[in-house]
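All remarks here apply to the structure that follows.
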Amino acid sequence: MNIMDFNVKKLAADAGTFLSRAVQFTEEKLGQAEKTELDAHLENLLSKAECTKIWTEKIMKQTEVLLQPNPNARIEEFVYEKLDRKAPSRINNPELLGQYMIDAGTEFGPGTAYGNALIKCGETQKRIGTADRELIQTSALNFLTPLRNFIEGDYKTIAKERKLLQNKRLDLDAAKTRLKKAKAAETRASSEQELRITQSEFDRQAEITRLLLEGISSTHAHHLRCLNDFVEAQMTYYAQCYQYMLDLQKQLGSFPSNYSNNNQTSVAPAPSASSNVIGSSALTSTSGLVITSPSNLIDLKECSGSRKARVLYDYDAANSSELSLLADEVITVFSVVGMDSDWLMGERGNQKGRVPITYLELLN
C-alpha cells in the first residue's frame with residue numbers, strides 16, 4: 001500500500017466518522033436518538049469553567065477601558081502586541097494638561113499670581129501623569145496579563161478537550177444506535193466491539209476533561225492574588241494623587257499672602273511651608289493689614305464676635321445659602337456654631353450667606 005492509498009483511506013474514514021456524528025447530533029436535536037448525559041459533577045465543572053471565562057473576559061476588557069479610555073490607543077496597543085513590538089511611548093492626558101499649564105504660566109509670567117499658580121498646577125498634573133503611567137504598567141503586568149493568559153491559554157485547552165469529549169460522546173451514542181439496529185449475529189458482534197471501544201475512549205476523554213476543569217479552582221486562587229495586586233496598585237496611585245493635590249493646595253493657599261489682587265508682588269515676606277500649619281502667626285504687611293493665617297481663622301471661629309475681611313478674589317455663590325463676592329470689597333464675617341471649618345458667615349448690608357475662608361483676608 002503506497003502513501004496515497006493510505007491517505008485516501010484515512011480521508012474516507014474521517015468523512016465516515018464526521019457523517020456518523022452529524023447524523024447522531026441531528027437525530028438528538030429532533031428527539032429521535034438517545035443522548036448519553038454527563039455526570040452531574042462534570043456538568044458543574046463545565047458550567048464553572050464557562051462562567052469563569054465569560055466574567056474574566058468582561059473584567060479584563062473593562063479594566064483595559066478603565067486604564068486606557070481612548071479606544072484608538074487600545075487598538076494601537078493591541079496591534080503592536082500581536083506584532084510582538086513595543087508600542088511607542090505617548091504623552092498621557094494629565095501630562096499634556098500639565099505641559100499646557102506650564103507653558104501658559106510661563107507666558108503670563110511666573111511673577112504673577114495666576115502664572116505662578118498655573119506652573120504649580122502643571123507640575124502637579126505631570127506628576128499625576130507619571131503615577132498614571134505607573135498604574136497602567138503595574139496593572140497590565142500583575143492583573144491583565146494573568147487574565148489574558150487564562151483566556152488565551154488554559155481556557156483554549158479546556159475548550160479543545162471539551163470538544164473532543166463531545167465528539168467521543170457522539171461516537172459512543174452512534175455506536176449504541178447501530179447496536180440496537182443490528183440484527184445479524186455477525187453485525188451485532190461487530191457493533192458490540194465498536195461500543196466497547198467508543199465507551200473506553202469516551203471514559204478516557206471524560207477523565208482528561210475533568211482533570212483540566214478541576215484546575216479552575218486553582219485559577220480562581222491565582223486570579224485572587226492578581227486582584228489583590230491590582231487593588232494595591234490602585235491604592236498606591238490614589239494615595240500619590242491625594243498627596244500631590246494636598247501639596248498643591250498648600251502651595252496655592254500661600255498665594256494670597258504673596259500676591260495682591262492686581263497681580264503685583266506684595267512687599268510682605270513670603271511665608272514658609274510651616275506658616276500654613278495650625279498655630280502659625282499672622283503676617284503683617286506694610287499697609288497695616290493682618291494677613292490671615294489658619295490660626296487667625298481658628299481664633300475667629302472660637303470667638304463670638306465679628307470682624308472685617310477683604311475679599312481676595314471674585315466668588316460666585318453656588319446656591320442660595322452662599323454669598324457672592326467681589327474682589328477688594330470689605331465685608332463683615334463671623335463664625336457660626338456647627339459650620340464647616342472651611343467656611344464663615346459673611347454679611348454685606350442686608351445680604352448674608354456662607355463665604356469660603358480661602359477667599360478672605362481678615363483685617364484688624
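Chain identifiers are assigned as A, B, and so on, following the order in which chains appear in the C-alpha cells; residues are numbered from 1 within each chain, and ligands are numbered from 1 in order of appearance.
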Env of A:Ala189: 12 Å cut, atoms = only C-alpha atoms, seq-sep filter 4 positions within chain, self excluded. Answer as a PDB file with N, CA and C atoms, in the first residue's frame.
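Final output, selection.pdb:
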```pdb
ATOM      1  N   ALA A 175     -22.642   4.445  18.183  1.00  0.00           N
ATOM      2  CA  ALA A 175     -22.379   3.003  18.309  1.00  0.00           C
ATOM      3  C   ALA A 175     -23.540   2.302  19.013  1.00  0.00           C
ATOM      4  N   ARG A 178     -26.312   1.924  16.442  1.00  0.00           N
ATOM      5  CA  ARG A 178     -26.050   0.849  15.476  1.00  0.00           C
ATOM      6  C   ARG A 178     -26.238  -0.530  16.118  1.00  0.00           C
ATOM      7  N   LEU A 179     -25.865  -0.664  17.389  1.00  0.00           N
ATOM      8  CA  LEU A 179     -26.039  -1.945  18.066  1.00  0.00           C
ATOM      9  C   LEU A 179     -27.527  -2.287  18.192  1.00  0.00           C
ATOM     10  N   LYS A 180     -28.347  -1.290  18.458  1.00  0.00           N
ATOM     11  CA  LYS A 180     -29.786  -1.527  18.564  1.00  0.00           C
ATOM     12  C   LYS A 180     -30.373  -1.974  17.235  1.00  0.00           C
ATOM     13  N   ALA A 182     -28.687  -3.542  14.838  1.00  0.00           N
ATOM     14  CA  ALA A 182     -28.039  -4.742  14.300  1.00  0.00           C
ATOM     15  C   ALA A 182     -28.913  -5.970  14.570  1.00  0.00           C
ATOM     16  N   LYS A 183     -29.085  -6.778  13.547  1.00  0.00           N
ATOM     17  CA  LYS A 183     -29.928  -7.974  13.667  1.00  0.00           C
ATOM     18  C   LYS A 183     -29.119  -9.245  13.456  1.00  0.00           C
ATOM     19  N   ALA A 184     -28.249  -9.218  12.456  1.00  0.00           N
ATOM     20  CA  ALA A 184     -27.429 -10.402  12.186  1.00  0.00           C
ATOM     21  C   ALA A 184     -26.423 -10.577  13.317  1.00  0.00           C
ATOM     22  N   ALA A 185     -26.088 -11.820  13.633  1.00  0.00           N
ATOM     23  CA  ALA A 185     -25.172 -12.126  14.733  1.00  0.00           C
ATOM     24  C   ALA A 185     -23.794 -11.512  14.495  1.00  0.00           C
ATOM     25  N   GLN A 193     -18.321  -4.774  19.743  1.00  0.00           N
ATOM     26  CA  GLN A 193     -16.894  -4.447  19.828  1.00  0.00           C
ATOM     27  C   GLN A 193     -16.676  -2.942  19.665  1.00  0.00           C
ATOM     28  N   GLU A 194     -17.398  -2.346  18.709  1.00  0.00           N
ATOM     29  CA  GLU A 194     -17.293  -0.902  18.477  1.00  0.00           C
ATOM     30  C   GLU A 194     -17.778  -0.126  19.704  1.00  0.00           C
ATOM     31  N   LEU A 195     -18.838  -0.643  20.329  1.00  0.00           N
ATOM     32  CA  LEU A 195     -19.383   0.036  21.508  1.00  0.00           C
ATOM     33  C   LEU A 195     -18.381   0.015  22.662  1.00  0.00           C
ATOM     34  N   ARG A 196     -17.705  -1.112  22.846  1.00  0.00           N
ATOM     35  CA  ARG A 196     -16.709  -1.191  23.919  1.00  0.00           C
ATOM     36  C   ARG A 196     -15.569  -0.199  23.687  1.00  0.00           C
TER      37      ARG A 196
END
```
Find the spatial neighbours of A:Ser20, counting only C-alpha atoms, within a cut-off of 9 Å - ignore same-chain residues fewer than 6 positions away - and output them as a PDB file with all heavy atoms, in the first residue's frame.
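Result went into part-v3.pdb, see below:
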```pdb
ATOM      1  N   LEU A 170     -20.661  11.596  20.920  1.00  0.00           N
ATOM      2  CA  LEU A 170     -21.435  11.322  19.703  1.00  0.00           C
ATOM      3  C   LEU A 170     -21.071   9.967  19.109  1.00  0.00           C
ATOM      4  O   LEU A 170     -21.950   9.221  18.652  1.00  0.00           O
ATOM      5  CB  LEU A 170     -21.193  12.438  18.681  1.00  0.00           C
ATOM      6  CG  LEU A 170     -21.815  13.803  19.017  1.00  0.00           C
ATOM      7  CD1 LEU A 170     -21.318  14.863  18.029  1.00  0.00           C
ATOM      8  CD2 LEU A 170     -23.337  13.728  18.989  1.00  0.00           C
ATOM      9  N   ASP A 171     -19.759   9.637  19.125  1.00  0.00           N
ATOM     10  CA  ASP A 171     -19.322   8.325  18.625  1.00  0.00           C
ATOM     11  C   ASP A 171     -19.931   7.207  19.466  1.00  0.00           C
ATOM     12  O   ASP A 171     -20.389   6.181  18.931  1.00  0.00           O
ATOM     13  CB  ASP A 171     -17.793   8.226  18.680  1.00  0.00           C
ATOM     14  CG  ASP A 171     -17.121   9.153  17.682  1.00  0.00           C
ATOM     15  OD1 ASP A 171     -17.801   9.622  16.740  1.00  0.00           O
ATOM     16  OD2 ASP A 171     -15.910   9.435  17.853  1.00  0.00           O
ATOM     17  N   ALA A 174     -23.665   6.963  18.732  1.00  0.00           N
ATOM     18  CA  ALA A 174     -23.872   6.398  17.393  1.00  0.00           C
ATOM     19  C   ALA A 174     -23.651   4.888  17.424  1.00  0.00           C
ATOM     20  O   ALA A 174     -24.386   4.119  16.777  1.00  0.00           O
ATOM     21  CB  ALA A 174     -22.935   7.062  16.390  1.00  0.00           C
TER      22      ALA A 174
END
```
* Asked: Within 12 Å of stretch 51-56 of chain A, counting only C-alpha atoms, which residues qualify if same-chain residues fewer than 6 places away don't, as an MDAnalysis selection string?
  -> chainID A and resid 44:45 62:63 143:156 158:159 213 215:220 223:224 227
* Determine, counting only C-alpha atoms, which protein, DNA and RNA residues have an atom within 8 Å of an atom of A:Leu172; residues of the same chain fewer than 6 positions away are not included. Present the result as a count of residues only. => 4
* To do: Have a look at A:Lys61, A:Arg354, A:Arg204, A:Lys181 and name the one nearest to A:Glu161; count only C-alpha atoms.
  => A:Arg204
* Polymer residues at most 8 Å from stretch 304-314 of chain A, only C-alpha atoms, same-chain spacing of 5 or more positions, as a list in words ->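 Here the qualifying residues turn out to be Pro256, Ser260, Asn261, Ser324, Leu325, Leu326, Ala327, Asp328, Glu329, Val330, Ile331, Thr332, Val333, Phe334, Ser335, Tyr359, Leu360, Glu361, Leu362, Leu363 and Asn364 of chain A.
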* **Spatial neighbours of A:Leu165, max dist 10 Å, only C-alpha atoms, sep filter under 2 positions, as an MDAnalysis selection string** => chainID A and resid 38 159:163 167:171 201:209
Go ahead and dump the residues you just picked, N, CA and C atoms, as a PDB file, in the first residue's frame.
```pdb
ATOM      1  N   LEU A  38     -23.711  13.549  30.713  1.00  0.00           N
ATOM      2  CA  LEU A  38     -22.504  13.596  31.536  1.00  0.00           C
ATOM      3  C   LEU A  38     -22.922  13.563  33.001  1.00  0.00           C
ATOM      4  N   ALA A 159     -11.392  24.175  26.185  1.00  0.00           N
ATOM      5  CA  ALA A 159     -12.381  24.157  25.099  1.00  0.00           C
ATOM      6  C   ALA A 159     -12.057  23.064  24.078  1.00  0.00           C
ATOM      7  N   LYS A 160     -10.766  22.872  23.826  1.00  0.00           N
ATOM      8  CA  LYS A 160     -10.354  21.825  22.871  1.00  0.00           C
ATOM      9  C   LYS A 160     -10.714  20.438  23.401  1.00  0.00           C
ATOM     10  N   GLU A 161     -10.403  20.190  24.667  1.00  0.00           N
ATOM     11  CA  GLU A 161     -10.709  18.882  25.261  1.00  0.00           C
ATOM     12  C   GLU A 161     -12.206  18.688  25.409  1.00  0.00           C
ATOM     13  N   ARG A 162     -12.919  19.766  25.654  1.00  0.00           N
ATOM     14  CA  ARG A 162     -14.379  19.673  25.759  1.00  0.00           C
ATOM     15  C   ARG A 162     -14.993  19.288  24.412  1.00  0.00           C
ATOM     16  N   LYS A 163     -14.436  19.838  23.350  1.00  0.00           N
ATOM     17  CA  LYS A 163     -14.929  19.483  22.012  1.00  0.00           C
ATOM     18  C   LYS A 163     -14.640  18.015  21.695  1.00  0.00           C
ATOM     19  N   ASN A 167     -17.285  14.966  20.805  1.00  0.00           N
ATOM     20  CA  ASN A 167     -17.163  14.057  19.659  1.00  0.00           C
ATOM     21  C   ASN A 167     -17.164  12.591  20.116  1.00  0.00           C
ATOM     22  N   LYS A 168     -16.454  12.328  21.215  1.00  0.00           N
ATOM     23  CA  LYS A 168     -16.416  10.951  21.727  1.00  0.00           C
ATOM     24  C   LYS A 168     -17.805  10.512  22.206  1.00  0.00           C
ATOM     25  N   ARG A 169     -18.560  11.443  22.764  1.00  0.00           N
ATOM     26  CA  ARG A 169     -19.920  11.110  23.186  1.00  0.00           C
ATOM     27  C   ARG A 169     -20.802  10.792  21.984  1.00  0.00           C
ATOM     28  N   LEU A 170     -20.661  11.596  20.920  1.00  0.00           N
ATOM     29  CA  LEU A 170     -21.435  11.322  19.703  1.00  0.00           C
ATOM     30  C   LEU A 170     -21.071   9.967  19.109  1.00  0.00           C
ATOM     31  N   ASP A 171     -19.759   9.637  19.125  1.00  0.00           N
ATOM     32  CA  ASP A 171     -19.322   8.325  18.625  1.00  0.00           C
ATOM     33  C   ASP A 171     -19.931   7.207  19.466  1.00  0.00           C
ATOM     34  N   GLU A 201     -13.003   5.056  24.994  1.00  0.00           N
ATOM     35  CA  GLU A 201     -12.462   6.353  24.562  1.00  0.00           C
ATOM     36  C   GLU A 201     -13.226   7.511  25.206  1.00  0.00           C
ATOM     37  N   PHE A 202     -14.539   7.348  25.353  1.00  0.00           N
ATOM     38  CA  PHE A 202     -15.346   8.390  25.985  1.00  0.00           C
ATOM     39  C   PHE A 202     -14.965   8.538  27.456  1.00  0.00           C
ATOM     40  N   ASP A 203     -14.831   7.418  28.162  1.00  0.00           N
ATOM     41  CA  ASP A 203     -14.470   7.457  29.585  1.00  0.00           C
ATOM     42  C   ASP A 203     -13.100   8.107  29.772  1.00  0.00           C
ATOM     43  N   ARG A 204     -12.163   7.768  28.896  1.00  0.00           N
ATOM     44  CA  ARG A 204     -10.805   8.339  28.999  1.00  0.00           C
ATOM     45  C   ARG A 204     -10.842   9.853  28.772  1.00  0.00           C
ATOM     46  N   GLN A 205     -11.578  10.276  27.754  1.00  0.00           N
ATOM     47  CA  GLN A 205     -11.658  11.706  27.447  1.00  0.00           C
ATOM     48  C   GLN A 205     -12.399  12.472  28.548  1.00  0.00           C
ATOM     49  N   ALA A 206     -13.401  11.844  29.134  1.00  0.00           N
ATOM     50  CA  ALA A 206     -14.125  12.477  30.237  1.00  0.00           C
ATOM     51  C   ALA A 206     -13.205  12.702  31.431  1.00  0.00           C
ATOM     52  N   GLU A 207     -12.299  11.757  31.698  1.00  0.00           N
ATOM     53  CA  GLU A 207     -11.366  11.892  32.811  1.00  0.00           C
ATOM     54  C   GLU A 207     -10.346  13.008  32.539  1.00  0.00           C
ATOM     55  N   ILE A 208      -9.864  13.056  31.307  1.00  0.00           N
ATOM     56  CA  ILE A 208      -8.917  14.130  30.933  1.00  0.00           C
ATOM     57  C   ILE A 208      -9.578  15.497  31.101  1.00  0.00           C
ATOM     58  N   THR A 209     -10.802  15.613  30.618  1.00  0.00           N
ATOM     59  CA  THR A 209     -11.525  16.886  30.710  1.00  0.00           C
ATOM     60  C   THR A 209     -11.802  17.250  32.160  1.00  0.00           C
TER      61      THR A 209
END
```
* When you draw a straight line from atom CA of A:Cys226 to atom CA of A:Met60, how long is it in Å? -> 12.0 Å
* Please measure the separation of atom CA of A:Leu42 and atom CA of A:Ser200, giving the value in Å to one decimal. =>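 Atom CA of A:Ser200 lies 17.0 Å from atom CA of A:Leu42.
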* Asked: Which one is closest to A:Phe230: A:Met101, A:Leu118, A:Ala33, A:Ala140? Count only C-alpha atoms.
  ->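 Checking each candidate against A:Phe230, we get A:Ala140 as the closest.
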* To do: Using atom CA of A:Tyr242 and atom CA of A:Val65 as the two end points, give the distance in Å to one decimal.
  =>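 Rounded to one decimal, the two atoms are 22.6 Å apart.
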* To do: Write down as an MDAnalysis selection string the residues belonging to stretch 64-159 of chain A that are assigned helix (DSSP H, G or I) by DSSP computed on the backbone.
  => chainID A and resid 64:67 71:82 93:108 113:159
* Can you list, as a PyMOL selection string, every protein, DNA or RNA residue that comes within 12 Å of A:Asn350 when you count only C-alpha atoms, leaving out same-chain residues fewer than 2 positions away? -> chain A and resi 323+331-332+346-348+352-353
* To do: Between A:Thr112, A:Gln68, A:Gln24, A:Thr138, single out the one closest to A:Tyr237, counting only C-alpha atoms.
  =>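 Closest candidate: A:Thr138.
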